[in-house]
Amino acid sequence: MSTLGKTISLIVEIRPYKSLKQMLEAQHYMCAGCHKHFDDGKTLIRDFAQTFGWGKPRFCEYTGQLFCSSCHTNETAVIPARVLHNWDFTQYSVSQLAKSYLDSIHDQPMLCVSAVNPFLFSKVPALLHVMGVRKKISAMLPYVRCPFRRSINKGLGSRKYFLESNDFFALRDLIDLSKGAFSVLPVMVETVSSKILGHITEQCLICCDVGVPCGARQACNDPSSLIFPFQEDEIERCPSCESVFHKLCFRKLTNCPCGEHLRADEPAELVKRASSVLGLEVSGVLDLFGRGSGSGLLSGLFPKVKAENPREHKDGDNVILMDSFPPASL
Ligand SMILES: [Zn+2]
Ligand SMILES: [Zn+2]
Ligand SMILES: [Zn+2]
Ligand SMILES: [Zn+2]
């Protein structure tokens, strides 16, 4: 941004303290805005500490420079550097140039919190929370494959940048978060996140297609809830065949349908592992992920070969091994 040939840019570091004399000398006793001399006779400068009113240089907290009373009319603004370093939302006195610059970037996602002060996340739980929800949103977003995407964009309005996986915030976002219980941002991102989740997992046949059934099959606690690739934190995975399970279902299983031992406290049998890696359980994986149509998560990774006799290497126990499940119903 440029006014009167002076440029101004984003400042996110707090400037070291300088005395008035040091600043005047650095600026050659000129206003940093219009370059007018503060006092032509210089005698007044020497008596500056006692001088009030007209002619007194005014300090801009944003640029850290002195301005004349035309270029600095005692307007105030929240200073990004003080927010990012001290979570300080005090209105400081700034020059006209700084004021109009800060107004112009108020809604722009220009403040990268992690780059300036990564410790801010641990000091401000609301900021960490919003960041977590943003990450969730950006993990789900690639799986929205229908026109719903446009309505998400619309819903966020000028805060579309919340759909990107980074921690750039606008000054207004941080000001909003400073309001504690009155802050609207956490509710806003949570609403967007749960709308996207509901859309993919429950409402849309197109987007839902990326979900796969739980690997526990008939033993699954909640067979109607498919497992989605962005739910990595809520699932367990068979180390051998990569089948995915609801956490609860996984805990109840002793063996994966592929034969792999799933209990960490029971050492896996290498022979079984070898047979499951090399052998015929691939068809089971296809069933789990492809739902027969080849549209599932991993279906592309496995050849569509059905084993002639899936139980050949399995001692007949490769279907479901679950302590509490009556074998008769399998
Ligand atoms: Zn001036
Ligand atoms: Zn959809
Ligand atoms: Zn399950
Ligand atoms: Zn497995």
# chains A, B, ... in the order shown; residues from 1 in each chain; ligands from 1
>>> residues_around(residues="stretch 56-66 of chain A", least_positions_apart="4", cutoff="8 Å", atoms="only C-alpha atoms", output="compact mmCIF listing (two decimals) with C-alpha atoms, in the first residue's frame")
# COMPACT_ATOMS: atom_id res chain seq x y z
CA ILE A 11 4.40 -5.93 10.33
CA ARG A 15 9.80 -3.37 17.37
CA MET A 23 13.53 8.05 16.50
CA LEU A 24 13.87 11.72 15.59
CA GLN A 27 13.94 10.06 10.71
CA CYS A 31 7.48 13.30 9.59
CA ALA A 32 7.57 9.71 8.30
CA PHE A 38 8.94 18.80 12.83
CA PHE A 48 10.64 18.67 23.02
CA THR A 51 6.43 20.88 24.29
CA PHE A 52 2.78 20.01 23.87
CA HIS A 72 -1.38 11.19 12.48
CA ASN A 74 -4.75 10.05 16.86
CA ILE A 79 -1.94 -4.01 16.21
CA TYR A 92 -3.24 1.77 19.98
CA SER A 93 -2.68 5.18 18.48
CA VAL A 94 -1.65 4.92 14.82
CA SER A 95 -0.89 7.13 11.83
CA ALA A 98 -1.30 2.63 9.23
>>> residues_around(residues="A:Leu174", least_positions_apart="5", cutoff="12 Å", atoms="only C-alpha atoms", output="MDAnalysis selection string")
chainID A and resid 78:84 87:89 106:113 120:121 124 126:128 130:131 167:169 179:180 183:186
>>> residues_near_ligand(ligand="ligand 2", cutoff="9 Å", atoms="only C-alpha atoms and all ligand atoms", output="list in words")
Tyr143, Val144, Arg145, Cys146, Pro147, Phe148, Arg149, Ile196, His199, Ile200, Gln203, Cys204, Leu205, Ile206, Cys207 and Cys208 of chain A
>>> write_last_selection(atoms="N, CA and C atoms", output="tab-separated table (two decimals), in the first residue's frame")
chain	number	residue	atom	x	y	z
A	143	TYR	N	-13.58	-35.15	-0.41
A	143	TYR	CA	-14.54	-36.21	-0.65
A	143	TYR	C	-15.94	-35.68	-0.95
A	144	VAL	N	-16.05	-34.37	-1.02
A	144	VAL	CA	-17.30	-33.78	-1.50
A	144	VAL	C	-17.19	-33.69	-3.02
A	145	ARG	N	-17.95	-34.55	-3.71
A	145	ARG	CA	-17.78	-34.67	-5.16
A	145	ARG	C	-19.04	-34.31	-5.92
A	146	CYS	N	-19.85	-33.50	-5.28
A	146	CYS	CA	-21.11	-33.11	-5.93
A	146	CYS	C	-21.25	-31.60	-5.76
A	147	PRO	N	-22.30	-31.02	-6.33
A	147	PRO	CA	-22.46	-29.55	-6.27
A	147	PRO	C	-22.61	-28.97	-4.86
A	148	PHE	N	-22.69	-29.83	-3.85
A	148	PHE	CA	-22.77	-29.33	-2.47
A	148	PHE	C	-21.59	-28.42	-2.14
A	149	ARG	N	-20.50	-28.67	-2.80
A	149	ARG	CA	-19.29	-27.88	-2.62
A	149	ARG	C	-19.58	-26.38	-2.77
A	196	ILE	N	-20.71	-30.75	6.46
A	196	ILE	CA	-19.97	-31.54	5.47
A	196	ILE	C	-19.97	-33.02	5.86
A	199	HIS	N	-23.34	-34.50	5.24
A	199	HIS	CA	-23.57	-34.64	3.81
A	199	HIS	C	-22.90	-35.90	3.27
A	200	ILE	N	-21.62	-36.05	3.56
A	200	ILE	CA	-20.87	-37.18	3.01
A	200	ILE	C	-21.36	-38.51	3.59
A	203	GLN	N	-26.15	-38.05	3.80
A	203	GLN	CA	-27.16	-37.45	2.92
A	203	GLN	C	-26.95	-37.67	1.43
A	204	CYS	N	-25.69	-37.82	1.00
A	204	CYS	CA	-25.45	-37.77	-0.44
A	204	CYS	C	-24.99	-39.12	-0.96
A	205	LEU	N	-25.72	-39.64	-1.93
A	205	LEU	CA	-25.36	-40.95	-2.49
A	205	LEU	C	-24.05	-40.89	-3.27
A	206	ILE	N	-23.79	-39.74	-3.88
A	206	ILE	CA	-22.55	-39.61	-4.65
A	206	ILE	C	-21.34	-39.60	-3.71
A	207	CYS	N	-21.38	-38.71	-2.72
A	207	CYS	CA	-20.24	-38.55	-1.83
A	207	CYS	C	-20.07	-39.75	-0.89
A	208	CYS	N	-21.18	-40.39	-0.58
A	208	CYS	CA	-21.17	-41.53	0.34
A	208	CYS	C	-20.42	-42.73	-0.24
>>> closest_residue(among="A:Pro16, A:Gly33, A:Pro213, A:Gly155", to="ligand 3", atoms="only C-alpha atoms and all ligand atoms")
A:Pro213
>>> closest_atom_pairs(of="chain A", to="ligand 4", cutoff="6 Å", atoms="only C-alpha atoms and all ligand atoms", output="CSV")
residue,atom,partner,partner_atom_place_in_ligand_line,distance
A:Cys238,CA,ligand 4,1 (Zn),4.5
A:Ser240,CA,ligand 4,1 (Zn),5.0
A:Cys241,CA,ligand 4,1 (Zn),4.0
A:Glu242,CA,ligand 4,1 (Zn),5.9
A:Ser243,CA,ligand 4,1 (Zn),5.4
A:Cys256,CA,ligand 4,1 (Zn),4.5
A:Pro257,CA,ligand 4,1 (Zn),5.8
A:Cys258,CA,ligand 4,1 (Zn),4.3
A:Glu260,CA,ligand 4,1 (Zn),5.3
>>> residues_near_ligand(ligand="ligand 1", cutoff="7 Å", atoms="only C-alpha atoms and all ligand atoms", output="list in words")
Cys31, Ala32, Gly33, Cys34, His35, Lys36, Phe67, Cys68, Ser69, Ser70 and Cys71 of chain A
>>> residues_near_ligand(ligand="ligand 3", cutoff="10 Å", atoms="only C-alpha atoms and all ligand atoms", output="PyMOL selection string")
chain A and resi 213-227+235-236+244-252
>>> closest_residue(among="A:Val116, A:Leu97, A:Ala181, A:Leu197", to="A:Leu141", atoms="only C-alpha atoms")
A:Leu197
>>> closest_residue(among="A:Tyr161, A:Ala115, A:Val210, A:Ser151", to="A:Lys135", atoms="only C-alpha atoms")
A:Tyr161
>>> atom_distance(atom1="atom CA of A:Met30", atom2="atom CA of A:Lys18")
16.1 Å
>>> select_by_dssp(residues="stretch 114-240 of chain A", states="alpha helix (DSSP H)", output="PyMOL selection string")
chain A and resi 114-116+120-123+125-140+148-156+171-177+185-198+205-208
>>> residues_around(residues="A:Ser138", least_positions_apart="5", cutoff="10 Å", atoms="only C-alpha atoms", output="PyMOL selection string")
chain A and resi 133+143+162-166+193+230
>>> write_last_selection(atoms="C-alpha atoms", output="PDB file, in the first residue's frame")
ATOM      1  CA  VAL A 133     -11.907 -28.005  13.097  1.00  0.00           C
ATOM      2  CA  TYR A 143     -14.544 -36.212  -0.648  1.00  0.00           C
ATOM      3  CA  PHE A 162     -11.202 -21.652   6.261  1.00  0.00           C
ATOM      4  CA  LEU A 163     -11.548 -24.453   3.733  1.00  0.00           C
ATOM      5  CA  GLU A 164      -7.802 -24.477   3.195  1.00  0.00           C
ATOM      6  CA  SER A 165      -5.523 -26.473   5.400  1.00  0.00           C
ATOM      7  CA  ASN A 166      -3.333 -23.763   6.829  1.00  0.00           C
ATOM      8  CA  SER A 193     -17.713 -29.168   9.606  1.00  0.00           C
ATOM      9  CA  PHE A 230     -11.001 -38.927   6.599  1.00  0.00           C
TER      10      PHE A 230
END
>>> atom_distance(atom1="atom CA of A:His129", atom2="atom CA of A:Pro229")
21.8 Å
